[in-house]
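Visitor: Got a file for you: run_6.cif, mmCIF, C-alpha atoms.
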data_run
loop_
_atom_site.label_atom_id
_atom_site.label_comp_id
_atom_site.auth_asym_id
_atom_site.auth_seq_id
_atom_site.Cartn_x
_atom_site.Cartn_y
_atom_site.Cartn_z
CA MET A 518 -17.64 -10.03 5.48
CA ALA A 519 -15.87 -13.30 4.79
CA GLY A 520 -12.11 -13.21 4.49
CA ALA A 521 -10.29 -13.74 1.22
CA PRO A 522 -8.20 -16.86 0.45
CA GLY A 523 -5.28 -17.40 2.80
CA GLY A 524 -6.81 -15.58 5.76
CA VAL A 525 -6.40 -12.05 4.36
CA THR A 526 -9.24 -9.57 4.78
CA PRO A 527 -10.29 -7.26 1.91
CA SER A 528 -8.45 -4.31 3.49
CA ALA A 529 -5.25 -6.23 4.28
CA PRO A 530 -1.96 -4.54 3.36
CA LEU A 531 0.97 -6.08 1.53
CA LEU A 532 4.36 -6.47 3.21
CA VAL A 533 7.39 -6.84 0.92
CA ALA A 534 10.46 -7.95 2.85
CA CYS A 535 14.02 -7.56 1.56
CA ALA A 536 17.40 -7.79 3.24
CA LEU A 537 19.64 -5.08 1.83
CA GLY A 538 19.47 -1.32 1.51
CA ILE A 539 20.10 -1.53 -2.23
CA GLU A 540 17.13 -3.90 -2.59
CA GLN A 541 14.91 -1.58 -0.58
CA LEU A 542 16.07 1.36 -2.71
CA ALA A 543 15.21 -0.49 -5.92
CA LEU A 544 11.76 -1.53 -4.68
CA ARG A 545 10.93 1.94 -3.36
CA SER A 546 12.26 3.93 -6.31
CA GLY A 547 10.26 2.16 -9.01
CA LYS A 548 6.68 2.74 -10.07
CA ARG A 549 4.42 2.74 -7.03
CA PRO A 550 1.16 0.78 -7.05
CA GLY A 551 -2.05 2.28 -5.77
CA GLY A 552 -2.59 0.07 -2.74
CA PRO A 553 -1.16 -0.18 0.77
CA VAL A 554 2.34 -1.64 0.40
CA ARG A 555 5.16 -1.52 2.94
CA VAL A 556 8.73 -2.37 1.94
CA LEU A 557 10.58 -3.71 4.99
CA ARG A 558 14.34 -3.98 5.18
CA THR A 559 15.09 -6.97 7.41
CA GLY A 560 18.87 -7.10 7.40
CA MET A 561 20.89 -9.97 6.00
CA GLY A 562 20.51 -13.61 6.97
CA PRO A 563 17.68 -15.87 8.15
CA ARG A 564 17.78 -14.85 11.82
CA ALA A 565 17.53 -11.15 10.94
CA ALA A 566 14.63 -11.89 8.59
CA GLU A 567 12.79 -13.84 11.29
CA SER A 568 13.15 -11.04 13.82
CA ALA A 569 12.15 -8.22 11.48
CA VAL A 570 9.14 -10.01 10.00
CA ALA A 571 7.90 -11.12 13.42
CA GLY A 572 8.07 -7.52 14.59
CA ALA A 573 6.23 -6.20 11.55
CA LEU A 574 3.41 -8.76 11.90
CA ALA A 575 2.94 -8.30 15.64
CA PRO A 576 -0.52 -7.21 16.88
CA GLY A 577 -1.00 -3.53 16.25
CA GLY A 578 1.24 -3.60 13.19
CA LEU A 579 0.59 -5.40 9.90
CA ALA A 580 -0.83 -8.49 11.57
CA ASP A 581 -3.03 -9.54 8.64
CA ALA A 582 -0.68 -8.58 5.79
CA ALA A 583 0.12 -10.77 2.83
CA VAL A 584 3.90 -11.25 2.60
CA ILE A 585 6.32 -11.37 -0.32
CA ALA A 586 10.03 -12.02 0.16
CA SER A 587 11.99 -10.21 -2.53
CA GLY A 588 15.41 -8.92 -3.50
CA PHE A 589 18.34 -10.54 -5.26
CA CYS A 590 19.36 -14.18 -5.45
CA ALA A 591 21.96 -16.49 -6.94
CA GLY A 592 20.73 -18.54 -9.86
CA LEU A 593 21.55 -22.25 -9.82
CA ALA A 594 20.29 -23.43 -13.20
CA PRO A 595 22.48 -23.34 -16.31
CA GLY A 596 21.44 -20.64 -18.75
CA MET A 597 20.28 -18.16 -16.13
CA HIS A 598 21.39 -14.56 -16.54
CA PRO A 599 21.51 -11.49 -14.30
CA GLY A 600 18.13 -9.79 -14.43
CA ASP A 601 16.14 -13.03 -14.78
CA LEU A 602 13.21 -13.37 -12.38
CA VAL A 603 12.66 -16.32 -10.03
CA VAL A 604 9.13 -16.98 -8.75
CA ALA A 605 9.26 -19.62 -6.04
CA GLU A 606 6.81 -22.52 -6.06
CA GLU A 607 8.07 -23.22 -2.55
CA THR A 608 10.88 -22.06 -0.30
CA ARG A 609 13.15 -24.56 1.44
CA ASP A 610 15.69 -24.62 4.21
CA ALA A 611 16.81 -26.91 7.02
CA ASP A 612 13.48 -26.36 8.81
CA GLY A 613 11.37 -27.62 5.91
CA ALA A 614 9.46 -26.35 2.89
CA THR A 615 6.84 -23.60 2.62
CA PRO A 616 4.45 -23.66 -0.36
CA CYS A 617 3.88 -20.32 -2.05
CA THR A 618 0.51 -18.81 -2.95
CA GLY A 619 -0.61 -17.87 -6.44
CA THR A 620 2.59 -18.59 -8.34
CA GLY A 621 0.76 -18.50 -11.67
CA LEU A 622 -0.79 -15.13 -10.84
CA LEU A 623 2.65 -13.71 -10.07
CA VAL A 624 4.22 -15.08 -13.24
CA ALA A 625 1.49 -13.50 -15.36
CA ALA A 626 1.69 -10.18 -13.51
CA LEU A 627 5.47 -10.04 -13.81
CA ALA A 628 5.28 -10.76 -17.55
CA ARG A 629 3.16 -7.62 -17.88
CA ALA A 630 5.25 -5.50 -15.51
CA VAL A 631 8.68 -6.51 -16.84
CA PRO A 632 8.13 -7.56 -20.47
CA GLY A 633 11.08 -9.35 -22.03
CA SER A 634 12.54 -10.61 -18.75
CA ALA A 635 12.87 -14.38 -18.36
CA VAL A 636 10.80 -15.80 -15.50
CA HIS A 637 11.83 -19.10 -13.87
CA THR A 638 9.62 -21.07 -11.49
CA GLY A 639 10.63 -23.80 -9.07
CA PRO A 640 11.95 -24.34 -5.55
CA LEU A 641 13.94 -21.50 -3.95
CA THR A 642 16.35 -22.80 -1.35
CA GLY A 643 17.81 -20.97 1.64
CA SER A 644 21.33 -20.69 3.00
CA ASP A 645 22.90 -18.92 5.95
CA HIS A 646 25.89 -17.82 3.87
CA VAL A 647 26.78 -16.69 0.35
CA VAL A 648 26.91 -19.73 -1.94
CA ARG A 649 29.54 -20.05 -4.65
CA GLY A 650 31.23 -22.61 -6.88
CA PRO A 651 30.74 -26.32 -6.17
CA GLU A 652 28.19 -25.66 -3.43
CA ARG A 653 25.83 -24.29 -6.07
CA ALA A 654 26.00 -27.56 -8.00
CA ALA A 655 25.10 -29.47 -4.84
CA LEU A 656 22.05 -27.28 -4.24
CA ARG A 657 21.03 -27.58 -7.88
CA ALA A 658 21.08 -31.37 -7.50
CA THR A 659 18.28 -31.05 -4.94
CA GLY A 660 16.02 -29.54 -7.62
CA ALA A 661 16.33 -25.92 -6.46
CA ILE A 662 16.64 -23.27 -9.17
CA ALA A 663 17.99 -20.43 -7.01
CA VAL A 664 19.29 -19.66 -3.53
CA ASP A 665 19.10 -16.72 -1.15
CA MET A 666 19.47 -16.19 2.57
CA GLU A 667 16.14 -14.78 3.74
CA SER A 668 13.12 -16.00 1.74
CA ALA A 669 12.53 -19.30 3.54
CA ALA A 670 12.83 -17.70 6.97
CA THR A 671 10.58 -14.81 5.91
CA LEU A 672 7.73 -16.99 4.69
CA ARG A 673 7.95 -19.50 7.53
CA THR A 674 7.85 -16.67 10.10
CA ALA A 675 4.93 -15.01 8.33
CA LEU A 676 2.84 -18.18 8.52
CA CYS A 677 3.78 -18.71 12.16
CA HIS A 678 1.90 -15.45 12.80
CA GLY A 679 -1.30 -16.61 11.12
CA PRO A 680 -2.65 -17.82 7.78
CA ARG A 681 -1.99 -15.46 4.88
CA PRO A 682 -0.83 -15.51 1.24
CA VAL A 683 2.96 -15.75 0.99
CA ALA A 684 5.28 -15.66 -2.00
CA ALA A 685 8.91 -15.17 -2.93
CA VAL A 686 10.12 -13.33 -6.03
CA ARG A 687 13.82 -12.82 -6.56
CA VAL A 688 15.95 -11.27 -9.29
CA VAL A 689 19.03 -13.19 -10.34
CA VAL A 690 22.10 -11.06 -9.68
CA ASP A 691 24.59 -13.77 -10.53
CA ALA A 692 24.47 -17.26 -11.98
CA PRO A 693 26.88 -20.16 -12.60
CA GLU A 694 28.27 -18.52 -15.73
CA HIS A 695 27.98 -14.94 -14.41
CA GLU A 696 29.33 -14.72 -10.86
CA LEU A 697 29.60 -11.21 -9.42
CA VAL A 698 31.98 -9.89 -6.80
CA ARG A 699 29.81 -6.98 -5.64
CA ILE A 700 26.28 -5.97 -6.58
CA GLY A 701 26.18 -2.85 -8.73
CA THR A 702 29.82 -2.85 -9.83
CA VAL A 703 29.27 -4.58 -13.18
CA ARG A 704 26.56 -4.72 -15.81
CA GLY A 705 24.88 -7.78 -14.31
CA GLY A 706 24.26 -6.03 -11.01
CA ILE A 707 22.84 -2.99 -12.77
CA SER A 708 20.51 -5.18 -14.85
CA ALA A 709 19.22 -6.89 -11.72
CA PHE A 710 18.64 -3.53 -10.01
CA ARG A 711 16.61 -2.24 -12.95
CA VAL A 712 14.40 -5.32 -12.99
CA LEU A 713 13.82 -5.15 -9.22
CA ARG A 714 12.69 -1.53 -9.64
CA ALA A 715 9.89 -2.71 -11.94
CA VAL A 716 8.30 -5.52 -9.92
CA LEU A 717 6.21 -3.73 -7.28
CA PRO A 718 3.13 -3.19 -9.51
CA ALA A 719 3.11 -6.93 -10.22
CA PHE A 720 3.19 -7.66 -6.49
CA TYR A 721 0.21 -5.37 -6.00
CA GLU A 722 -1.67 -7.04 -8.86
CA TRP A 723 -1.05 -10.45 -7.25
CA HIS A 724 -2.26 -9.15 -3.91
CA ARG A 725 -5.37 -7.53 -5.39
CA SER A 726 -6.23 -10.68 -7.36
CA LEU A 727 -6.10 -12.80 -4.21
CA LEU A 728 -8.51 -10.42 -2.48
CA LEU A 729 -11.18 -10.70 -5.19
CA PRO A 730 -14.13 -12.86 -4.13
CA ARG A 731 -14.28 -16.28 -5.74
CA ARG A 732 -17.17 -16.90 -8.15
#
Step by step, read the file and then write its structure as structure tokens.

Guide:
Amino acid sequence: MAGAPGGVTPSAPLLVACALGIEQLALRSGKRPGGPVRVLRTGMGPRAAESAVAGALAPGGLADAAVIASGFCAGLAPGMHPGDLVVAEETRDADGATPCTGTGLLVAALARAVPGSAVHTGPLTGSDHVVRGPERAALRATGAIAVDMESAATLRTALCHGPRPVAAVRVVVDAPEHELVRIGTVRGGISAFRVLRAVLPAFYEWHRSLLLPRR
């Protein structure tokens, strides 16, 4: 049987990679979809993400999995609020840009899974450290709408291990007007956690849609 778009076979699983234990808890504790989904905690930072994703996609593991990078992010655009969703059109870092697959499908699926939440689309940029203050403005000037530490490394590593659909969906935990000190200690962190709990069915819908044969 011919493979689906992006090199994924009809029985391919979905790998959702996140960095932090609190992100993994949110993703695992929400409503579970019906298909094969693994939530992988990579650890924080691009190098940790590269190592964990490479291990998960090694032969004998989830070698043909579609990959979504998820978790929290810092919003860069004015008017963003904690709990807003970011669907990357591409991820960027010092090693280049990685186009994402099926952004429109994800936006539509998230609108159904998390009704009422704002969804922003655009470039998601990477950093090897937490970004605050004036540095955010500099990243915003590049056209990026949000920043995190692992998405770019996750998607680039996934594609280095073979063609597959890749995407990045992040929940804004702080923004220029709503900076947080620690996740979960104020209302903004709690809002972001609740939204992240609700996204997994949308990820599965995206994955399933990509596996449907084209007419």

Visitor: Can you tell me how far atom CA of A:Ala565 sits from atom CA of A:Ile662, in Å to one decimal?

Guide: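 Computing it gives 23.5 Å between the two atoms.
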
Visitor: Calculated over all atoms listed in the file, which of the candidates A:Ala669, A:Val603, A:Ala685, A:Ala719 has the smallest distance to A:Ser644?

Guide: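 Looking only at the distances to A:Ser644, the closest residue turns out to be A:Ala669.
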
Visitor: Excluding stretch 540-555 of chain A and any residue of its chain fewer than 5 positions from it, enumerate the residues within 6 Å of it, using all atoms listed in the file, and give them as a ChimeraX atom specification.

Guide: /A:530-532,588,713-715,718

Visitor: Let me make sure I understand: among A:Ala635, A:Leu623, A:Pro616, A:Leu593, which one has the smallest atom-to-atom distance to A:Gly650 if we use only C-alpha atoms?

Guide: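 Using only C-alpha atoms, the shortest distance to A:Gly650 belongs to A:Leu593.
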
Visitor: Would you list the contacts of A:Thr615 as a list of chain:residue names, taking every protein, DNA or RNA residue within 12 Å and counting all atoms listed in the file, but skipping same-chain residues closer than 5 positions in sequence?

Guide: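 Everything that qualifies: A:Ala605, A:Glu606, A:Glu607, A:Thr608, A:Arg609, A:Asp610, A:Pro640, A:Leu641, A:Thr642, A:Gly643, A:Ser668, A:Ala669, A:Ala670, A:Thr671, A:Leu672, A:Arg673, A:Thr674, A:Ala675, A:Leu676, A:Cys677, A:Pro682, A:Val683, A:Ala684, A:Ala685.
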
Visitor: Box for stretch 626-630 of chain A - axis-aligned, 6 Å on each of the six sides, all listed atoms - centre and size in Å to one decimal, as JSON.

Guide:
{"center_x": 3.6, "center_y": -8.1, "center_z": -15.7, "size_x": 15.8, "size_y": 17.3, "size_z": 16.4}

Visitor: Report the residues retrieved by the PyMOL selection byres ((chain A and resi 600) around 12) from the displayed file, expressed as a tab-separated table (two decimals) with C-alpha atoms, keeping the file's coordinate frame.

Guide:
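Final file, expr-v5.tsv:
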chain	number	residue	atom	x	y	z
A	588	GLY	CA	15.41	-8.92	-3.50
A	589	PHE	CA	18.34	-10.54	-5.26
A	590	CYS	CA	19.36	-14.18	-5.45
A	591	ALA	CA	21.96	-16.49	-6.94
A	592	GLY	CA	20.73	-18.54	-9.86
A	597	MET	CA	20.28	-18.16	-16.13
A	598	HIS	CA	21.39	-14.56	-16.54
A	599	PRO	CA	21.51	-11.49	-14.30
A	601	ASP	CA	16.14	-13.03	-14.78
A	602	LEU	CA	13.21	-13.37	-12.38
A	603	VAL	CA	12.66	-16.32	-10.03
A	631	VAL	CA	8.68	-6.51	-16.84
A	632	PRO	CA	8.13	-7.56	-20.47
A	633	GLY	CA	11.08	-9.35	-22.03
A	634	SER	CA	12.54	-10.61	-18.75
A	635	ALA	CA	12.87	-14.38	-18.36
A	636	VAL	CA	10.80	-15.80	-15.50
A	637	HIS	CA	11.83	-19.10	-13.87
A	687	ARG	CA	13.82	-12.82	-6.56
A	688	VAL	CA	15.95	-11.27	-9.29
A	689	VAL	CA	19.03	-13.19	-10.34
A	690	VAL	CA	22.10	-11.06	-9.68
A	691	ASP	CA	24.59	-13.77	-10.53
A	692	ALA	CA	24.47	-17.26	-11.98
A	695	HIS	CA	27.98	-14.94	-14.41
A	700	ILE	CA	26.28	-5.97	-6.58
A	704	ARG	CA	26.56	-4.72	-15.81
A	705	GLY	CA	24.88	-7.78	-14.31
A	706	GLY	CA	24.26	-6.03	-11.01
A	707	ILE	CA	22.84	-2.99	-12.77
A	708	SER	CA	20.51	-5.18	-14.85
A	709	ALA	CA	19.22	-6.89	-11.72
A	710	PHE	CA	18.64	-3.53	-10.01
A	711	ARG	CA	16.61	-2.24	-12.95
A	712	VAL	CA	14.40	-5.32	-12.99
A	713	LEU	CA	13.82	-5.15	-9.22
A	714	ARG	CA	12.69	-1.53	-9.64
A	715	ALA	CA	9.89	-2.71	-11.94
A	716	VAL	CA	8.30	-5.52	-9.92

Visitor: Taking the file as shown, what set of residues would the PyMOL selection byres ((chain A and resi 581) around 10) give back, as a PDB file with C-alpha atoms, in the frame of the given file?

Guide:
ATOM      1  CA  GLY A 524      -6.810 -15.580   5.760  1.00  0.00           C
ATOM      2  CA  VAL A 525      -6.400 -12.050   4.360  1.00  0.00           C
ATOM      3  CA  THR A 526      -9.240  -9.570   4.780  1.00  0.00           C
ATOM      4  CA  SER A 528      -8.450  -4.310   3.490  1.00  0.00           C
ATOM      5  CA  ALA A 529      -5.250  -6.230   4.280  1.00  0.00           C
ATOM      6  CA  PRO A 530      -1.960  -4.540   3.360  1.00  0.00           C
ATOM      7  CA  LEU A 531       0.970  -6.080   1.530  1.00  0.00           C
ATOM      8  CA  LEU A 532       4.360  -6.470   3.210  1.00  0.00           C
ATOM      9  CA  LEU A 574       3.410  -8.760  11.900  1.00  0.00           C
ATOM     10  CA  ALA A 575       2.940  -8.300  15.640  1.00  0.00           C
ATOM     11  CA  PRO A 576      -0.520  -7.210  16.880  1.00  0.00           C
ATOM     12  CA  GLY A 577      -1.000  -3.530  16.250  1.00  0.00           C
ATOM     13  CA  GLY A 578       1.240  -3.600  13.190  1.00  0.00           C
ATOM     14  CA  LEU A 579       0.590  -5.400   9.900  1.00  0.00           C
ATOM     15  CA  ALA A 580      -0.830  -8.490  11.570  1.00  0.00           C
ATOM     16  CA  ALA A 582      -0.680  -8.580   5.790  1.00  0.00           C
ATOM     17  CA  ALA A 583       0.120 -10.770   2.830  1.00  0.00           C
ATOM     18  CA  VAL A 584       3.900 -11.250   2.600  1.00  0.00           C
ATOM     19  CA  ALA A 675       4.930 -15.010   8.330  1.00  0.00           C
ATOM     20  CA  HIS A 678       1.900 -15.450  12.800  1.00  0.00           C
ATOM     21  CA  GLY A 679      -1.300 -16.610  11.120  1.00  0.00           C
ATOM     22  CA  PRO A 680      -2.650 -17.820   7.780  1.00  0.00           C
ATOM     23  CA  ARG A 681      -1.990 -15.460   4.880  1.00  0.00           C
ATOM     24  CA  PRO A 682      -0.830 -15.510   1.240  1.00  0.00           C
TER      25      PRO A 682
END

Visitor: The PyMOL selection byres ((chain A and resi 536) around 6) - which residues does that actually catch in the file I just gave you? List them as a PyMOL selection string.

Guide: chain A and resi 535+537+558-561

Visitor: How far is it from atom CA of A:Arg653 to atom CA of A:Pro563, in Å with one decimal?

Guide: 18.4 Å

Visitor: Rank nothing, just name the residue among A:Val664, A:Ala534, A:Leu728, A:Val624 nearest to A:Val604, using all atoms listed in the file.

Guide: A:Val624

Visitor: Using all atoms listed in the file, which residue out of A:Met666, A:Gly562, A:Ile585, A:Ala571 lies closest to A:Gly619?

Guide: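 Of the candidates, the smallest distance to A:Gly619 is held by A:Ile585.
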
Visitor: So what do you get for atom CA of A:Glu722 versus atom CA of A:Ala626, distance-wise?

Guide: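 Answer for the atom CA of A:Glu722 to atom CA of A:Ala626 separation: 6.5 Å.
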